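Novice: Structure below; questions to follow.
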Amino acid sequence: MKILIVEDELRTADYLSKGLTEQGCAVDMAHNGIDGQHLALTHEYDVIVLDVMLPGQDGFSVLRALRAVKQTPVIMLTARDRVEDRIKGLHEGADDYLVKPFSFLELLARLQALNRRGRKQEPMQLRIADLQIDLLARKASRGIGGGSTRIDLTAKEFALLAVLARRQGEILSKTAIAELVWDMNFDSNTNVVEVAIKRLRDKIDVPFSPKLLHTIRGMGYVMEVRDGENAAQGEGAAP
């Protein structure tokens with residue numbers, strides 16, 4: 001998931017960002033309503049976490065501006081447990097509401113539910129050859145039936161695998177992968193994408209056949225089933 005957090009309490013914002021990043025999410029942050037509104041309107045997010053009380057302009061104003069042009073799912077946070085505030089937020093177009101203090105696990109479950117609702121046309125189980133991916137349980141395995149082997153992946157490795165698998169057959173550039181898996185300001189001059197691809201390939205491809213993750217020189221990476229290992233002209237073995 002790509003998530004925007006608009007929260008002026010720095011400790012809360014950092015706590016949420018760290019927890020969601022550990023879950024494999026790409027997180028952008030804003031600490032006031034003006035910056036939050038700018039990010040919400042100019043970028044695409046799966047879910048937005050929006051505090052009510054913000055400097056610059058409050059969360060209700062940000063939500064109204066967002067709903068004028070976009071239907072991005074929004075969960076609002078407030079320190080005030082007032083029915084009036086919750087009703088106002090829902091009337092303005094909020095999809096969900098949490099009162100501080102709240103459980104991180106509850107927030108995560110609500111974010112996942114909103115993301116699934118926004119992706120209701122997308123299957124939660126993906127399959128490429130004998131590679132099986134459970135997007136909900138965040139599990140991957142290769143093999144058929146009782147002979148399948150569980151593949152242990154880090155949060156970022158699973159996020160990378162999910163991005164490639166959702167776009168099976170589509171060549172993704174390093175810049176596109178960086179934006180989809182890491183944050184919006186990712187420096188594509190570093191080699192973190194190549195390193196992550198190599199680690200993912202070592203886990204999902206090296207011990208198995210057929211090979212599914214392919215490098216297209218000068219273009220990027222693609223996940224697909226091929227008749228032969230060298231079917232694509234210009235394919236390189238190394239990331």
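Here, A, B, ... name the chains of the structure tokens in the order displayed, residue numbers run from 1 inside each chain, and ligands are numbered from 1 in the same displayed order.
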Leaving out Glu44 of chain A and any residue of its chain fewer than 2 positions from it, which residues lie within 10 Å of it when counting only C-alpha atoms, given as a PDB file with all heavy atoms, in the first residue's frame?

Specialist:
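Output (result_19.pdb):
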```
ATOM      1  N   LYS A   2       0.406   2.268  -0.683  1.00  0.00           N
ATOM      2  CA  LYS A   2       1.033   3.585  -0.642  1.00  0.00           C
ATOM      3  C   LYS A   2       0.123   4.476   0.204  1.00  0.00           C
ATOM      4  O   LYS A   2      -1.046   4.678  -0.112  1.00  0.00           O
ATOM      5  CB  LYS A   2       1.197   4.153  -2.045  1.00  0.00           C
ATOM      6  CG  LYS A   2       1.970   5.470  -2.069  1.00  0.00           C
ATOM      7  CD  LYS A   2       2.149   5.972  -3.487  1.00  0.00           C
ATOM      8  CE  LYS A   2       3.027   5.017  -4.267  1.00  0.00           C
ATOM      9  NZ  LYS A   2       3.307   5.542  -5.625  1.00  0.00           N
ATOM     10  N   ILE A   3       0.672   4.996   1.319  1.00  0.00           N
ATOM     11  CA  ILE A   3      -0.135   5.677   2.319  1.00  0.00           C
ATOM     12  C   ILE A   3       0.405   7.076   2.574  1.00  0.00           C
ATOM     13  O   ILE A   3       1.616   7.285   2.663  1.00  0.00           O
ATOM     14  CB  ILE A   3      -0.151   4.873   3.642  1.00  0.00           C
ATOM     15  CG1 ILE A   3      -0.781   3.489   3.413  1.00  0.00           C
ATOM     16  CG2 ILE A   3      -0.895   5.619   4.736  1.00  0.00           C
ATOM     17  CD1 ILE A   3      -0.678   2.573   4.595  1.00  0.00           C
ATOM     18  N   LEU A   4      -0.505   8.037   2.709  1.00  0.00           N
ATOM     19  CA  LEU A   4      -0.154   9.385   3.142  1.00  0.00           C
ATOM     20  C   LEU A   4      -0.632   9.570   4.576  1.00  0.00           C
ATOM     21  O   LEU A   4      -1.802   9.317   4.887  1.00  0.00           O
ATOM     22  CB  LEU A   4      -0.818  10.428   2.240  1.00  0.00           C
ATOM     23  CG  LEU A   4      -0.713  11.895   2.707  1.00  0.00           C
ATOM     24  CD1 LEU A   4       0.743  12.349   2.763  1.00  0.00           C
ATOM     25  CD2 LEU A   4      -1.547  12.811   1.823  1.00  0.00           C
ATOM     26  N   LEU A  39      -0.081  17.194  -1.121  1.00  0.00           N
ATOM     27  CA  LEU A  39       0.310  15.817  -1.441  1.00  0.00           C
ATOM     28  C   LEU A  39      -0.903  14.984  -1.846  1.00  0.00           C
ATOM     29  O   LEU A  39      -0.842  14.204  -2.801  1.00  0.00           O
ATOM     30  CB  LEU A  39       1.019  15.178  -0.240  1.00  0.00           C
ATOM     31  CG  LEU A  39       2.428  15.676   0.072  1.00  0.00           C
ATOM     32  CD1 LEU A  39       2.925  15.084   1.383  1.00  0.00           C
ATOM     33  CD2 LEU A  39       3.391  15.332  -1.058  1.00  0.00           C
ATOM     34  N   ALA A  40      -1.997  15.129  -1.112  1.00  0.00           N
ATOM     35  CA  ALA A  40      -3.202  14.340  -1.400  1.00  0.00           C
ATOM     36  C   ALA A  40      -3.745  14.622  -2.790  1.00  0.00           C
ATOM     37  O   ALA A  40      -4.262  13.717  -3.459  1.00  0.00           O
ATOM     38  CB  ALA A  40      -4.265  14.609  -0.344  1.00  0.00           C
ATOM     39  N   LEU A  41      -3.632  15.876  -3.240  1.00  0.00           N
ATOM     40  CA  LEU A  41      -4.191  16.258  -4.533  1.00  0.00           C
ATOM     41  C   LEU A  41      -3.255  15.979  -5.704  1.00  0.00           C
ATOM     42  O   LEU A  41      -3.712  15.783  -6.830  1.00  0.00           O
ATOM     43  CB  LEU A  41      -4.570  17.749  -4.528  1.00  0.00           C
ATOM     44  CG  LEU A  41      -5.713  18.157  -3.599  1.00  0.00           C
ATOM     45  CD1 LEU A  41      -5.928  19.658  -3.654  1.00  0.00           C
ATOM     46  CD2 LEU A  41      -6.995  17.417  -3.952  1.00  0.00           C
ATOM     47  N   THR A  42      -1.942  15.967  -5.437  1.00  0.00           N
ATOM     48  CA  THR A  42      -0.987  15.839  -6.542  1.00  0.00           C
ATOM     49  C   THR A  42      -0.408  14.438  -6.700  1.00  0.00           C
ATOM     50  O   THR A  42       0.238  14.158  -7.707  1.00  0.00           O
ATOM     51  CB  THR A  42       0.176  16.837  -6.371  1.00  0.00           C
ATOM     52  OG1 THR A  42       0.814  16.636  -5.098  1.00  0.00           O
ATOM     53  CG2 THR A  42      -0.328  18.273  -6.457  1.00  0.00           C
ATOM     54  N   ASP A  46      -3.167   4.808  -1.890  1.00  0.00           N
ATOM     55  CA  ASP A  46      -4.187   3.784  -1.652  1.00  0.00           C
ATOM     56  C   ASP A  46      -5.113   4.203  -0.512  1.00  0.00           C
ATOM     57  O   ASP A  46      -6.325   3.988  -0.565  1.00  0.00           O
ATOM     58  CB  ASP A  46      -3.529   2.442  -1.332  1.00  0.00           C
ATOM     59  CG  ASP A  46      -2.772   1.881  -2.524  1.00  0.00           C
ATOM     60  OD1 ASP A  46      -3.350   1.824  -3.620  1.00  0.00           O
ATOM     61  OD2 ASP A  46      -1.593   1.513  -2.363  1.00  0.00           O
ATOM     62  N   VAL A  47      -4.519   4.792   0.541  1.00  0.00           N
ATOM     63  CA  VAL A  47      -5.288   5.252   1.702  1.00  0.00           C
ATOM     64  C   VAL A  47      -4.592   6.487   2.281  1.00  0.00           C
ATOM     65  O   VAL A  47      -3.362   6.581   2.238  1.00  0.00           O
ATOM     66  CB  VAL A  47      -5.404   4.171   2.799  1.00  0.00           C
ATOM     67  CG1 VAL A  47      -6.364   4.623   3.904  1.00  0.00           C
ATOM     68  CG2 VAL A  47      -5.865   2.833   2.246  1.00  0.00           C
ATOM     69  N   ILE A  48      -5.371   7.408   2.847  1.00  0.00           N
ATOM     70  CA  ILE A  48      -4.830   8.575   3.534  1.00  0.00           C
ATOM     71  C   ILE A  48      -5.252   8.531   4.994  1.00  0.00           C
ATOM     72  O   ILE A  48      -6.432   8.314   5.305  1.00  0.00           O
ATOM     73  CB  ILE A  48      -5.321   9.883   2.886  1.00  0.00           C
ATOM     74  CG1 ILE A  48      -4.801   9.997   1.447  1.00  0.00           C
ATOM     75  CG2 ILE A  48      -4.882  11.103   3.710  1.00  0.00           C
ATOM     76  CD1 ILE A  48      -5.360  11.178   0.673  1.00  0.00           C
ATOM     77  N   LYS A  70     -11.228  13.820  -5.861  1.00  0.00           N
ATOM     78  CA  LYS A  70     -10.769  12.436  -5.728  1.00  0.00           C
ATOM     79  C   LYS A  70     -11.606  11.683  -4.703  1.00  0.00           C
ATOM     80  O   LYS A  70     -12.193  12.275  -3.796  1.00  0.00           O
ATOM     81  CB  LYS A  70      -9.296  12.370  -5.294  1.00  0.00           C
ATOM     82  CG  LYS A  70      -8.292  12.797  -6.341  1.00  0.00           C
ATOM     83  CD  LYS A  70      -6.881  12.559  -5.813  1.00  0.00           C
ATOM     84  CE  LYS A  70      -5.833  12.867  -6.861  1.00  0.00           C
ATOM     85  NZ  LYS A  70      -4.467  12.563  -6.375  1.00  0.00           N
ATOM     86  N   THR A  72     -10.081   9.015  -2.955  1.00  0.00           N
ATOM     87  CA  THR A  72      -9.100   8.223  -2.207  1.00  0.00           C
ATOM     88  C   THR A  72      -9.654   7.887  -0.824  1.00  0.00           C
ATOM     89  O   THR A  72     -10.157   8.785  -0.132  1.00  0.00           O
ATOM     90  CB  THR A  72      -7.790   9.016  -2.038  1.00  0.00           C
ATOM     91  OG1 THR A  72      -7.351   9.496  -3.307  1.00  0.00           O
ATOM     92  CG2 THR A  72      -6.715   8.130  -1.411  1.00  0.00           C
TER      93      THR A  72
END
```

Novice: What are the closest atom pairs, with distances in Å to one decimal, for each residue of segment 65-146 of chain A lying within 12 Å of segment 7-21 of chain A, using only C-alpha atoms, rows by chain and rising residue number, as a tab-separated table?

Specialist:
```
residue	atom	partner	partner_atom	distance
A:Ile75	CA	A:Glu7	CA	11.9
A:Met76	CA	A:Glu7	CA	10.1
A:Leu77	CA	A:Glu7	CA	8.6
A:Thr78	CA	A:Glu7	CA	10.1
A:Ala79	CA	A:Glu9	CA	11.2
A:Lys100	CA	A:Thr12	CA	10.1
A:Pro101	CA	A:Thr12	CA	9.9
A:Phe102	CA	A:Thr12	CA	10.7
A:Ser103	CA	A:Leu16	CA	10.6
A:Phe104	CA	A:Leu16	CA	7.6
A:Leu105	CA	A:Gly19	CA	9.5
A:Leu107	CA	A:Leu16	CA	9.3
A:Leu108	CA	A:Leu20	CA	7.8
A:Ala109	CA	A:Leu20	CA	11.3
A:Leu111	CA	A:Leu20	CA	10.1
A:Gln112	CA	A:Leu20	CA	11.1
```

Novice: Just write the chosen residues, N, CA and C atoms, as a CSV table (one decimal), in the first residue's frame.

Specialist:
```csv
chain,number,residue,atom,x,y,z
A,75,ILE,N,-9.1,7.7,6.3
A,75,ILE,CA,-9.4,7.4,7.7
A,75,ILE,C,-8.9,8.6,8.6
A,76,MET,N,-9.9,9.1,9.4
A,76,MET,CA,-9.6,10.3,10.1
A,76,MET,C,-9.2,9.9,11.6
A,77,LEU,N,-8.3,10.7,12.1
A,77,LEU,CA,-7.9,10.6,13.5
A,77,LEU,C,-8.2,11.8,14.3
A,78,THR,N,-8.7,11.6,15.5
A,78,THR,CA,-9.0,12.7,16.4
A,78,THR,C,-8.7,12.4,17.8
A,79,ALA,N,-8.3,13.4,18.6
A,79,ALA,CA,-8.2,13.2,20.1
A,79,ALA,C,-9.4,13.5,20.8
A,100,LYS,N,-8.0,8.8,19.2
A,100,LYS,CA,-6.7,8.6,19.9
A,100,LYS,C,-7.0,8.5,21.4
A,101,PRO,N,-6.2,7.7,22.1
A,101,PRO,CA,-5.2,6.8,21.6
A,101,PRO,C,-5.8,5.5,21.0
A,102,PHE,N,-5.1,5.0,20.0
A,102,PHE,CA,-5.7,3.8,19.3
A,102,PHE,C,-4.6,2.7,19.2
A,103,SER,N,-5.0,1.5,18.9
A,103,SER,CA,-4.1,0.4,18.7
A,103,SER,C,-3.6,0.5,17.2
A,104,PHE,N,-2.3,0.3,17.1
A,104,PHE,CA,-1.7,0.3,15.8
A,104,PHE,C,-2.2,-0.9,15.0
A,105,LEU,N,-2.4,-2.0,15.6
A,105,LEU,CA,-3.0,-3.2,14.9
A,105,LEU,C,-4.4,-2.9,14.4
A,107,LEU,N,-5.5,0.1,13.6
A,107,LEU,CA,-5.4,1.0,12.4
A,107,LEU,C,-4.9,0.2,11.2
A,108,LEU,N,-4.0,-0.7,11.4
A,108,LEU,CA,-3.5,-1.5,10.2
A,108,LEU,C,-4.7,-2.3,9.6
A,109,ALA,N,-5.5,-2.9,10.5
A,109,ALA,CA,-6.6,-3.7,10.0
A,109,ALA,C,-7.6,-2.8,9.2
A,111,LEU,N,-6.9,0.1,7.7
A,111,LEU,CA,-6.2,0.5,6.4
A,111,LEU,C,-6.3,-0.6,5.4
A,112,GLN,N,-6.1,-1.9,5.8
A,112,GLN,CA,-6.1,-3.0,4.9
A,112,GLN,C,-7.5,-3.2,4.4
```

Novice: What does the structure give for the distance between atom CA of Leu213 of chain A and atom CA of Val27 of chain A, in Å to one decimal?

Specialist: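 Here the two named atoms are 26.0 Å from each other.
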
Novice: Between atom CA of Arg67 of chain A and atom CA of Val163 of chain A, what distance in Å does the model show, to one decimal?

Specialist: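 Between atom CA of Arg67 of chain A and atom CA of Val163 of chain A the gap is 27.3 Å.
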
Novice: Using only C-alpha atoms, which of the listed residues (A:Ile144, A:Ile128, A:Ala30, A:Val195) sits closest to Lys211 of chain A?

Specialist: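 Of A:Ile144, A:Ile128, A:Ala30, A:Val195, the one nearest Lys211 of chain A, counting only C-alpha atoms, is A:Ile128.
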
Novice: Can you work out the spacing between atom CA of Asn32 of chain A and atom CA of Gln71 of chain A in Å, to one decimal?

Specialist: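 Distance reported for this atom pair: 20.8 Å.
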
Novice: Extract the full set of alpha helix (DSSP H) residues from segment 101-205 of chain A according to DSSP on the backbone, and format it as JSON, numbers by chain.

Specialist: {"A": [104, 105, 106, 107, 108, 109, 110, 111, 112, 113, 114, 115, 116, 117, 118, 155, 156, 157, 158, 159, 160, 161, 162, 163, 164, 165, 166, 174, 175, 176, 177, 178, 179, 180, 181, 192, 193, 194, 195, 196, 197, 198, 199, 200, 201, 202, 203, 204]}

Novice: Please return as a ChimeraX atom specification: the residues of segment 56-195 of chain A that backbone DSSP assigns to strand (DSSP E).

Specialist: /A:74-78,96-99,125-128,131-134,139-142,149-151

Novice: Would you mind exporting the chosen residues as a compact mmCIF listing (two decimals), in the first residue's frame, restricted to C-alpha atoms?

Specialist:
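Saved to part_38.txt:
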```txt
# COMPACT_ATOMS: atom_id res chain seq x y z
CA VAL A 74 -9.55 8.39 4.09
CA ILE A 75 -9.40 7.37 7.73
CA MET A 76 -9.57 10.31 10.13
CA LEU A 77 -7.85 10.55 13.51
CA THR A 78 -8.97 12.74 16.40
CA ASP A 96 -13.50 5.56 8.64
CA TYR A 97 -12.69 7.18 11.98
CA LEU A 98 -10.34 6.39 14.90
CA VAL A 99 -10.14 8.16 18.25
CA GLN A 125 -4.57 -14.76 -4.72
CA LEU A 126 -2.10 -14.43 -7.61
CA ARG A 127 -0.53 -17.33 -9.51
CA ILE A 128 2.28 -17.36 -12.08
CA LEU A 131 4.38 -19.44 -7.87
CA GLN A 132 1.45 -18.74 -5.57
CA ILE A 133 1.03 -15.39 -3.81
CA ASP A 134 -1.50 -14.70 -1.06
CA LYS A 139 2.66 -15.44 1.87
CA ALA A 140 4.41 -16.84 -1.18
CA SER A 141 5.25 -20.40 -2.21
CA ARG A 142 6.40 -22.38 -5.23
CA THR A 149 7.72 -24.76 -0.73
CA ARG A 150 7.08 -21.69 1.45
CA ILE A 151 9.31 -18.74 0.49
```
